[in-house]
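> protein18.cif is reproduced below (mmCIF, C-alpha atoms).
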data_target
#
loop_
_atom_site.label_atom_id
_atom_site.label_comp_id
_atom_site.auth_asym_id
_atom_site.auth_seq_id
_atom_site.Cartn_x
_atom_site.Cartn_y
_atom_site.Cartn_z
CA MET A 222 -40.66 -41.52 -168.75
CA ASN A 223 -43.48 -39.37 -170.05
CA ALA A 224 -44.99 -36.26 -168.45
CA SER A 225 -47.53 -38.38 -166.54
CA GLY A 226 -44.81 -40.34 -164.78
CA THR A 227 -45.26 -43.50 -166.85
CA VAL A 228 -42.19 -45.50 -167.83
CA ILE A 229 -42.95 -47.41 -171.03
CA ALA A 230 -41.07 -50.37 -172.48
CA SER A 231 -42.00 -52.36 -175.57
CA VAL A 232 -40.77 -55.87 -176.23
CA PRO A 233 -40.53 -56.72 -179.96
CA GLU A 234 -42.43 -59.84 -181.00
CA GLN A 235 -39.41 -61.56 -182.53
CA THR A 236 -37.22 -60.84 -179.51
CA LEU A 237 -39.82 -62.36 -177.20
CA LYS A 238 -40.31 -65.42 -179.40
CA GLU A 239 -36.58 -66.11 -179.49
CA ALA A 240 -36.22 -65.69 -175.72
CA LEU A 241 -39.10 -68.08 -175.04
CA GLN A 242 -37.77 -70.63 -177.50
CA LYS A 243 -34.36 -70.52 -175.88
CA ALA A 244 -35.78 -70.73 -172.35
CA GLY A 245 -38.01 -73.71 -173.11
CA SER A 246 -40.13 -74.34 -170.02
CA LYS A 247 -38.25 -71.79 -167.94
CA GLN A 248 -39.46 -68.30 -167.08
CA VAL A 249 -38.33 -65.34 -169.20
CA ALA A 250 -37.69 -62.13 -167.25
CA VAL A 251 -38.36 -58.63 -168.56
CA GLN A 252 -36.50 -56.15 -166.36
CA MET A 253 -37.64 -52.52 -166.16
CA ASP A 254 -35.06 -50.38 -164.37
CA ALA A 255 -36.21 -48.07 -161.58
CA ILE A 256 -36.64 -44.45 -162.63
CA SER A 257 -36.73 -41.67 -160.03
CA GLY A 258 -40.16 -40.03 -159.89
CA ALA A 259 -41.93 -42.78 -161.82
CA LYS A 260 -45.58 -43.37 -160.92
CA GLU A 261 -46.12 -46.47 -163.00
CA TYR A 262 -44.35 -48.93 -165.28
CA GLN A 263 -45.96 -50.10 -168.52
CA VAL A 264 -44.64 -52.98 -170.60
CA ASN A 265 -46.12 -53.48 -174.07
CA LEU A 266 -46.37 -57.12 -175.11
CA PRO A 267 -47.54 -58.60 -178.44
CA SER A 268 -50.77 -60.54 -177.87
CA ALA A 269 -49.77 -63.15 -180.46
CA VAL A 270 -46.82 -64.22 -178.32
CA LEU A 271 -48.85 -64.28 -175.11
CA GLU A 272 -51.48 -66.47 -176.75
CA ALA A 273 -48.73 -68.88 -177.81
CA LEU A 274 -47.38 -69.36 -174.28
CA THR A 275 -47.52 -72.96 -173.12
CA ALA A 276 -48.74 -73.94 -169.66
CA ALA A 277 -45.10 -74.35 -168.60
CA GLN A 278 -44.01 -70.92 -169.84
CA SER A 279 -44.37 -67.47 -168.31
CA LEU A 280 -42.94 -63.97 -168.47
CA LEU A 281 -41.76 -62.27 -165.30
CA ILE A 282 -42.21 -58.51 -165.50
CA LYS A 283 -39.82 -57.01 -162.94
CA THR A 284 -40.19 -53.45 -161.61
CA GLU A 285 -39.27 -51.64 -158.42
CA LEU A 286 -42.94 -51.68 -157.36
CA ALA A 287 -43.67 -55.36 -157.92
CA ASN A 288 -42.85 -58.39 -160.02
CA VAL A 289 -45.74 -59.87 -161.99
CA ALA A 290 -45.76 -63.27 -163.69
CA VAL A 291 -47.63 -63.29 -167.01
CA ASN A 292 -48.91 -66.76 -167.93
CA SER A 293 -50.90 -68.41 -170.71
CA GLY A 294 -54.17 -68.26 -168.79
CA MET A 295 -54.20 -64.53 -168.13
CA LEU A 296 -55.63 -63.59 -171.53
CA ALA A 297 -58.82 -65.56 -170.86
CA GLY A 298 -59.59 -63.17 -168.02
CA LEU A 299 -59.55 -60.05 -170.20
CA GLU A 300 -63.02 -58.62 -170.89
CA SER A 301 -62.18 -58.23 -174.60
CA ALA A 302 -60.58 -60.70 -176.99
CA PRO A 303 -56.84 -59.97 -177.14
CA THR A 304 -55.58 -58.26 -180.27
CA GLY A 305 -52.52 -56.24 -181.20
CA THR A 306 -50.52 -55.00 -178.23
CA ILE A 307 -51.40 -55.70 -174.61
CA ALA A 308 -49.93 -53.39 -172.01
CA LEU A 309 -49.43 -54.54 -168.43
CA VAL A 310 -49.28 -51.57 -166.09
CA ILE A 311 -47.83 -51.76 -162.57
CA GLY A 312 -48.31 -48.48 -160.76
CA LYS A 313 -48.41 -46.85 -157.36
CA ALA A 314 -51.96 -46.80 -156.04
CA ASP A 315 -53.27 -43.28 -155.57
CA PRO A 316 -53.95 -42.89 -151.81
CA ALA A 317 -56.94 -40.68 -152.61
CA SER A 318 -58.55 -43.61 -154.44
CA LEU A 319 -58.34 -45.97 -151.46
CA PRO A 320 -61.33 -46.40 -149.13
CA ALA A 321 -60.76 -45.12 -145.59
CA GLU A 322 -60.34 -48.64 -144.18
CA ALA A 323 -57.55 -49.51 -146.60
CA LEU A 324 -55.94 -46.07 -146.43
CA HIS A 325 -55.56 -46.39 -142.66
CA ALA A 326 -54.38 -50.02 -142.66
CA ALA A 327 -51.87 -49.49 -145.49
CA ALA A 328 -50.36 -46.26 -144.16
CA GLY A 329 -46.59 -46.34 -144.71
CA LYS A 330 -46.79 -49.62 -146.64
CA PRO A 331 -46.69 -50.42 -150.37
CA ALA A 332 -49.92 -50.16 -152.36
CA ILE A 333 -49.87 -50.92 -156.08
CA GLU A 334 -52.38 -50.87 -158.90
CA LEU A 335 -52.38 -53.59 -161.54
CA SER A 336 -54.13 -52.83 -164.82
CA PHE A 337 -54.18 -53.70 -168.50
CA ARG A 338 -54.51 -51.67 -171.68
CA MET A 339 -55.18 -53.06 -175.11
CA ASN A 340 -54.29 -50.98 -178.13
CA GLY A 341 -54.14 -47.97 -175.83
CA GLN A 342 -57.53 -48.51 -174.15
CA PRO A 343 -58.12 -49.73 -170.57
CA VAL A 344 -59.39 -53.31 -170.37
CA LYS A 345 -60.60 -55.13 -167.27
CA TRP A 346 -58.97 -58.35 -166.14
CA SER A 347 -61.09 -60.57 -163.91
CA GLY A 348 -61.84 -64.18 -163.16
CA SER A 349 -58.71 -65.65 -164.71
CA ARG A 350 -58.70 -69.44 -164.30
CA VAL A 351 -54.91 -69.44 -164.10
CA PRO A 352 -53.87 -66.90 -161.46
CA SER A 353 -50.81 -64.71 -161.77
CA THR A 354 -48.18 -64.51 -159.06
CA ILE A 355 -47.31 -61.05 -157.78
CA ALA A 356 -44.35 -60.27 -155.51
CA ILE A 357 -44.28 -56.93 -153.68
CA PRO A 358 -41.11 -55.84 -151.84
CA TYR A 359 -41.75 -54.89 -148.21
CA GLN A 360 -39.34 -54.63 -145.30
CA ALA A 361 -41.52 -55.31 -142.28
CA PRO A 362 -40.59 -53.65 -138.97
CA ALA A 363 -39.61 -55.76 -135.97
CA SER A 364 -43.04 -55.23 -134.40
CA GLU A 365 -44.66 -57.03 -137.35
CA LEU A 366 -42.01 -59.71 -137.68
CA ALA A 367 -43.06 -61.02 -134.27
CA LYS A 368 -46.22 -62.28 -136.03
CA PRO A 369 -45.41 -62.33 -139.76
CA GLU A 370 -48.46 -64.46 -140.49
CA LYS A 371 -50.56 -61.30 -139.99
CA ILE A 372 -48.82 -59.47 -142.86
CA VAL A 373 -51.24 -59.82 -145.76
CA VAL A 374 -52.47 -58.10 -148.91
CA TRP A 375 -55.86 -56.52 -149.40
CA HIS A 376 -57.45 -56.26 -152.85
CA ILE A 377 -59.51 -53.16 -153.60
CA ASP A 378 -61.73 -53.46 -156.66
CA ASP A 379 -63.09 -50.72 -158.92
CA ASN A 380 -66.08 -50.25 -156.60
CA GLY A 381 -63.90 -49.73 -153.53
CA GLN A 382 -64.73 -53.13 -152.07
CA VAL A 383 -61.95 -54.49 -149.85
CA ALA A 384 -61.10 -58.19 -149.54
CA ALA A 385 -58.12 -59.98 -148.06
CA VAL A 386 -56.16 -62.09 -150.55
CA PRO A 387 -56.12 -65.66 -149.15
CA SER A 388 -52.87 -66.65 -150.88
CA SER A 389 -50.82 -63.69 -149.61
CA ARG A 390 -47.81 -64.57 -147.48
CA TYR A 391 -44.70 -62.76 -146.28
CA ALA A 392 -41.11 -64.02 -146.22
CA ASN A 393 -37.66 -62.47 -146.52
CA GLY A 394 -38.69 -58.93 -147.38
CA THR A 395 -41.28 -59.88 -149.99
CA ILE A 396 -45.00 -60.55 -149.87
CA THR A 397 -46.33 -62.81 -152.59
CA LEU A 398 -49.86 -63.53 -153.71
CA GLU A 399 -51.80 -65.18 -156.49
CA THR A 400 -54.59 -63.30 -158.21
CA GLY A 401 -56.79 -63.28 -161.28
CA HIS A 402 -58.03 -59.70 -161.02
CA SER A 403 -56.87 -56.22 -161.88
CA GLY A 404 -57.26 -53.54 -159.21
CA LYS A 405 -55.35 -52.17 -156.26
CA TYR A 406 -53.29 -54.30 -153.87
CA ALA A 407 -52.26 -52.92 -150.49
CA VAL A 408 -49.90 -54.49 -147.96
CA VAL A 409 -51.39 -54.38 -144.46
CA TYR A 410 -50.75 -55.76 -140.99
CA SER A 411 -54.08 -57.37 -140.23
CA PRO A 412 -56.03 -55.84 -137.36
CA VAL A 413 -58.07 -59.04 -136.90
CA SER A 414 -57.83 -60.61 -133.44
CA PHE A 415 -60.15 -62.52 -131.12
CA SER A 416 -60.57 -62.27 -127.36
CA ASP A 417 -61.43 -65.94 -126.78
CA THR A 418 -58.50 -67.78 -128.38
CA GLY A 419 -55.89 -67.22 -125.66
CA ASP A 420 -56.74 -70.53 -123.98
CA TYR A 421 -55.98 -72.34 -127.23
CA PRO A 422 -52.24 -71.69 -127.73
CA TRP A 423 -52.05 -74.67 -130.11
CA ALA A 424 -54.53 -72.96 -132.44
CA GLU A 425 -54.31 -69.20 -131.81
CA LYS A 426 -51.64 -68.45 -134.42
CA GLN A 427 -53.46 -70.50 -137.02
CA ILE A 428 -56.79 -68.82 -136.29
CA ASP A 429 -55.26 -65.34 -136.55
CA ALA A 430 -53.43 -66.19 -139.78
CA LEU A 431 -56.49 -67.56 -141.54
CA ALA A 432 -58.78 -64.80 -140.28
CA ALA A 433 -56.29 -62.21 -141.54
CA ARG A 434 -56.70 -63.71 -145.03
CA GLY A 435 -60.47 -63.92 -144.93
CA ILE A 436 -60.38 -67.72 -145.03
CA ILE A 437 -62.17 -68.06 -141.70
CA GLU A 438 -64.42 -65.66 -139.84
CA GLY A 439 -65.27 -65.10 -136.21
CA THR A 440 -68.67 -65.67 -134.68
CA SER A 441 -68.65 -61.96 -133.85
CA GLN A 442 -66.25 -59.08 -134.41
CA ASN A 443 -64.17 -60.05 -131.35
CA THR A 444 -64.89 -63.75 -130.79
CA TYR A 445 -64.09 -66.94 -132.66
CA THR A 446 -65.76 -69.53 -130.36
CA PRO A 447 -62.99 -72.09 -130.87
CA ASP A 448 -64.71 -74.90 -128.96
CA ALA A 449 -67.90 -74.82 -131.05
CA ASN A 450 -68.46 -77.66 -133.49
CA ILE A 451 -68.33 -76.90 -137.21
CA LYS A 452 -71.06 -77.76 -139.70
CA ARG A 453 -70.63 -79.74 -142.90
CA ALA A 454 -71.29 -76.81 -145.21
CA ASP A 455 -69.00 -74.49 -143.28
CA TYR A 456 -66.14 -76.95 -143.43
CA LEU A 457 -66.48 -77.58 -147.15
CA HIS A 458 -66.70 -73.83 -147.75
CA LEU A 459 -63.41 -73.32 -145.88
CA LEU A 460 -61.73 -76.18 -147.71
CA VAL A 461 -62.64 -74.85 -151.15
CA LYS A 462 -61.55 -71.32 -150.20
CA THR A 463 -58.25 -72.43 -148.70
CA LEU A 464 -57.27 -74.42 -151.78
CA GLY A 465 -58.71 -71.89 -154.22
CA LEU A 466 -60.67 -74.59 -156.06
CA THR A 467 -62.84 -73.57 -159.01
CA ALA A 468 -65.15 -75.40 -161.40
CA GLU A 469 -68.19 -74.77 -163.55
CA PHE A 470 -71.22 -76.55 -162.11
CA SER A 471 -74.81 -76.73 -163.32
CA GLY A 472 -76.51 -78.29 -160.33
CA ASN A 473 -76.28 -78.71 -156.59
CA PHE A 474 -77.72 -80.81 -153.79
CA ALA A 475 -81.45 -80.63 -153.13
CA ASP A 476 -81.01 -78.98 -149.74
CA VAL A 477 -78.46 -76.37 -150.88
CA THR A 478 -80.05 -73.25 -152.37
CA ALA A 479 -78.59 -70.41 -154.43
CA SER A 480 -79.08 -67.97 -151.55
CA ASP A 481 -76.80 -69.96 -149.23
CA TYR A 482 -73.35 -68.37 -148.80
CA TYR A 483 -71.77 -71.79 -149.27
CA TYR A 484 -73.75 -72.58 -152.45
CA ALA A 485 -70.81 -72.12 -154.83
CA SER A 486 -68.32 -73.98 -152.63
CA VAL A 487 -70.59 -77.00 -152.24
CA GLY A 488 -71.40 -76.94 -155.96
CA ILE A 489 -67.70 -76.83 -156.85
CA ALA A 490 -66.92 -79.70 -154.46
CA LYS A 491 -69.78 -81.76 -155.89
CA GLU A 492 -68.65 -81.15 -159.46
CA LEU A 493 -65.05 -82.09 -158.64
CA GLY A 494 -66.08 -85.27 -156.85
CA ILE A 495 -64.90 -84.15 -153.43
CA THR A 496 -68.31 -84.87 -151.92
CA GLU A 497 -71.10 -87.18 -152.96
CA GLY A 498 -73.52 -85.89 -150.36
CA ALA A 499 -75.98 -88.06 -148.46
CA GLU A 500 -78.99 -90.17 -149.40
CA GLY A 501 -81.76 -88.68 -151.50
CA GLY A 502 -79.55 -86.17 -153.30
CA ARG A 503 -79.05 -84.16 -150.11
CA PHE A 504 -75.95 -82.71 -148.48
CA ILE A 505 -77.33 -82.03 -144.97
CA PRO A 506 -75.36 -78.77 -144.72
CA GLU A 507 -76.36 -77.84 -141.18
CA ALA A 508 -75.26 -81.13 -139.61
CA GLU A 509 -72.05 -81.15 -137.58
CA ILE A 510 -69.19 -82.78 -139.45
CA THR A 511 -67.39 -85.72 -137.87
CA ARG A 512 -63.62 -85.83 -137.78
CA GLN A 513 -63.46 -88.80 -140.16
CA ASP A 514 -65.69 -87.05 -142.70
CA MET A 515 -63.59 -83.89 -142.36
CA PHE A 516 -60.44 -85.88 -143.08
CA THR A 517 -62.05 -87.73 -146.00
CA LEU A 518 -63.16 -84.54 -147.73
CA THR A 519 -59.75 -83.01 -147.09
CA TYR A 520 -57.92 -85.96 -148.61
CA ARG A 521 -60.06 -85.88 -151.75
CA ALA A 522 -59.51 -82.15 -152.20
CA LEU A 523 -55.77 -82.37 -151.63
CA SER A 524 -55.46 -85.30 -154.02
CA LEU A 525 -57.24 -83.27 -156.65
CA ALA A 526 -54.82 -80.41 -156.03
CA GLY A 527 -51.84 -82.75 -156.35
CA ALA A 528 -50.75 -82.17 -152.76
CA ILE A 529 -50.76 -85.82 -151.65
CA LYS A 530 -47.50 -87.47 -152.68
CA GLU A 531 -47.91 -90.85 -151.02
CA LYS A 532 -51.13 -92.73 -150.35
CA GLY A 533 -51.62 -94.42 -147.00
CA ALA A 534 -53.56 -97.51 -145.97
CA ALA A 535 -55.58 -98.56 -142.93
CA ALA A 536 -52.60 -100.50 -141.60
CA ASP A 537 -50.72 -97.21 -141.14
CA LEU A 538 -53.16 -96.23 -138.38
CA GLN A 539 -52.49 -99.15 -136.06
CA SER A 540 -50.52 -96.96 -133.64
CA PHE A 541 -53.79 -95.25 -132.71
CA ALA A 542 -55.80 -96.95 -129.98
CA ASP A 543 -59.12 -96.38 -131.76
CA ALA A 544 -58.02 -97.26 -135.30
CA GLU A 545 -60.62 -100.04 -135.47
CA THR A 546 -63.44 -97.52 -135.05
CA VAL A 547 -62.55 -95.70 -138.27
CA ALA A 548 -65.08 -96.37 -141.04
CA ALA A 549 -63.77 -98.35 -144.00
CA TYR A 550 -64.52 -95.51 -146.43
CA ALA A 551 -62.38 -93.11 -144.37
CA ALA A 552 -59.41 -95.27 -143.36
CA ASP A 553 -57.19 -94.77 -146.42
CA SER A 554 -57.93 -91.04 -146.50
CA ILE A 555 -57.01 -90.59 -142.85
CA ALA A 556 -53.88 -92.71 -143.27
CA SER A 557 -52.78 -90.62 -146.25
CA LEU A 558 -53.15 -87.38 -144.29
CA TYR A 559 -51.26 -88.94 -141.40
CA LYS A 560 -48.36 -89.95 -143.66
CA ALA A 561 -48.33 -86.43 -145.11
CA LYS A 562 -48.04 -85.05 -141.54
CA LEU A 563 -51.28 -83.12 -141.97
CA LEU A 564 -53.07 -85.07 -139.29
CA GLU A 565 -52.40 -85.47 -135.60
CA GLY A 566 -54.60 -87.56 -133.38
CA ASP A 567 -55.78 -86.60 -129.92
CA GLY A 568 -52.85 -88.12 -128.06
CA SER A 569 -53.12 -91.74 -129.13
CA ARG A 570 -56.61 -91.49 -130.62
CA ILE A 571 -58.16 -90.36 -133.89
CA LEU A 572 -61.67 -89.88 -132.49
CA PRO A 573 -63.23 -90.46 -135.93
CA LEU A 574 -66.85 -90.12 -134.82
CA SER A 575 -66.36 -87.02 -132.68
CA PRO A 576 -67.48 -83.68 -134.12
CA ALA A 577 -64.74 -81.37 -135.36
CA THR A 578 -64.36 -78.08 -133.52
CA ARG A 579 -63.66 -74.67 -135.01
CA ALA A 580 -60.21 -74.67 -133.38
CA GLU A 581 -59.32 -78.08 -134.84
CA THR A 582 -60.57 -76.95 -138.22
CA ALA A 583 -58.36 -73.86 -138.15
CA VAL A 584 -55.27 -75.92 -137.37
CA LEU A 585 -55.95 -78.34 -140.23
CA MET A 586 -56.76 -75.50 -142.65
CA TYR A 587 -53.51 -73.76 -141.74
CA ARG A 588 -51.50 -76.92 -142.41
CA ILE A 589 -53.21 -77.16 -145.80
CA TYR A 590 -52.50 -73.49 -146.47
CA GLN A 591 -48.83 -74.08 -145.66
CA THR A 592 -48.61 -76.84 -148.27
CA LYS A 593 -49.56 -74.50 -151.13
#
As structure tokens, please, write out the structure in this file.

Amino acid sequence: MNASGTVIASVPEQTLKEALQKAGSKQVAVQMDAISGAKEYQVNLPSAVLEALTAAQSLLIKTELANVAVNSGMLAGLESAPTGTIALVIGKADPASLPAEALHAAAGKPAIELSFRMNGQPVKWSGSRVPSTIAIPYQAPASELAKPEKIVVWHIDDNGQVAAVPSSRYANGTITLETGHSGKYAVVYSPVSFSDTGDYPWAEKQIDALAARGIIEGTSQNTYTPDANIKRADYLHLLVKTLGLTAEFSGNFADVTASDYYYASVGIAKELGITEGAEGGRFIPEAEITRQDMFTLTYRALSLAGAIKEKGAAADLQSFADAETVAAYAADSIASLYKAKLLEGDGSRILPLSPATRAETAVLMYRIYQTK
């Protein structure tokens, strides 16, 4: 450990190559022992080896502060072309550098800073197409374990902007997340709650969990309006966010403009073939989405993400009293979600033409989130 409190380890190129060759498609761990008084842990890795990683290979950098998986896609997110030695630094976040909101919420909880250095100089990591998995040890108190779905991670960027990490989840003394950005990561118990969800016990937990991760938002600071119907653009926006879908797109629907908050989500969904829109090259974003359209879009997105293991058929819906009212284009999609236990009808009905409510949307989004 140097005078600044940095513990430095270097992995020789040949040693790393041999370990990866021996491991094949398995993960290779690099353990850095805990040192009393250490402020950060830095592991120096040869860029040539990292560039040679296959999609099935990764390095797991293990420290007392966090474990970070280094994969083949991480290098693409570095602002400079990788050369020489790349240093991954896992450190304790300086409380003085946290904005007041994060400092208060993360009091008494772990907060780390993830950064990179290349040939001794800081280099920004952002927008990686292949996210890295981070695991932060945290022993939650009993008061938080009553609602563990509210234990999340906030990301604080270089400008002090705070955003909940949608993929963060807590289990067995560890909170894990997927990210493609350097910056600070703070464990928090989400303060988000709504005053109008108590009459929806079948959806309240799901609403709180998704709101804590920034996947859904309330209609005001304290209300969610669970019985309101959801619009087509809003649903597609939530679906893309929940699954973390990305794609380069060059065009969008005629009635979706660059100033719309859902512009990117709709563009991504269009590019990936999740939605074909309506007649005349339009999407009709402000129209309420029907349940059968919600299920159809969901099936397409989940199929793309590889989350549908077994495809269903219209015949699988015969136990529902209104199965005959399901449109032909939606039947197989709905049946597939039903077989995957992601769909529950209203008692004995699917109600395909009914509008989807914000509460129903939250429940479906949470089931999708749980499949990741």
> Can you list what the PyMOL selection byres ((chain A and resi 586) around 9) grabs from this structure, as a ChimeraX atom specification?
/A:427,431,436,459-460,463,581-585,587-591
> Check the smallest atom-to-atom distance from each of A:Val547, A:Ala392, A:Leu563, A:Val351 to Leu466 of chain A using all atoms listed in the file, then report the winner.
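Using all atoms listed in the file, the shortest distance to Leu466 of chain A belongs to A:Val351.
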> Have a look at atom CA of Gly294 of chain A and atom CA of Ser349 of chain A and let me know their distance in Å, one decimal.
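The value is 6.6 Å.
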> Excluding Glu438 of chain A and any residue of its chain fewer than 6 positions from it, enumerate the residues within 10 Å of it, using all atoms listed in the file, and give them as a list of chain:residue names.
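Residues near the query, excluding close chain neighbours: A:Val413, A:Ile428, A:Asp429, A:Leu431, A:Ala432, A:Thr444, A:Tyr445, A:Leu459.
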> Name the residues that the PyMOL selection byres ((chain A and resi 352) around 8) pulls out of this structure, and write them as a list in words.
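When the PyMOL selection byres ((chain A and resi 352) around 8) is applied to the shown file, the picked residues are Gly294, Met295, Ser349, Arg350, Val351, Ser353, Thr354, Glu399, Thr400 and Gly401 of chain A.
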> Give as a compact mmCIF listing (two decimals) with C-alpha atoms, in the coordinates of the input each residue that has an atom at most 12 Å from (-37.5, -39.8, -161.5) in the file, counting all atoms listed in the file.

# COMPACT_ATOMS: atom_id res chain seq x y z
CA MET A 222 -40.66 -41.52 -168.75
CA ASN A 223 -43.48 -39.37 -170.05
CA ALA A 224 -44.99 -36.26 -168.45
CA SER A 225 -47.53 -38.38 -166.54
CA GLY A 226 -44.81 -40.34 -164.78
CA THR A 227 -45.26 -43.50 -166.85
CA VAL A 228 -42.19 -45.50 -167.83
CA ASP A 254 -35.06 -50.38 -164.37
CA ALA A 255 -36.21 -48.07 -161.58
CA ILE A 256 -36.64 -44.45 -162.63
CA SER A 257 -36.73 -41.67 -160.03
CA GLY A 258 -40.16 -40.03 -159.89
CA ALA A 259 -41.93 -42.78 -161.82
CA LYS A 260 -45.58 -43.37 -160.92
CA GLU A 261 -46.12 -46.47 -163.00
> Using the chain letters and residue numbers of this document, give as a PyMOL selection string the residues selected by the PyMOL selection byres ((chain A and resi 274-286) around 8).
chain A and resi 241+245-255+262+264+270-273+287-294+311-313+333+357-358
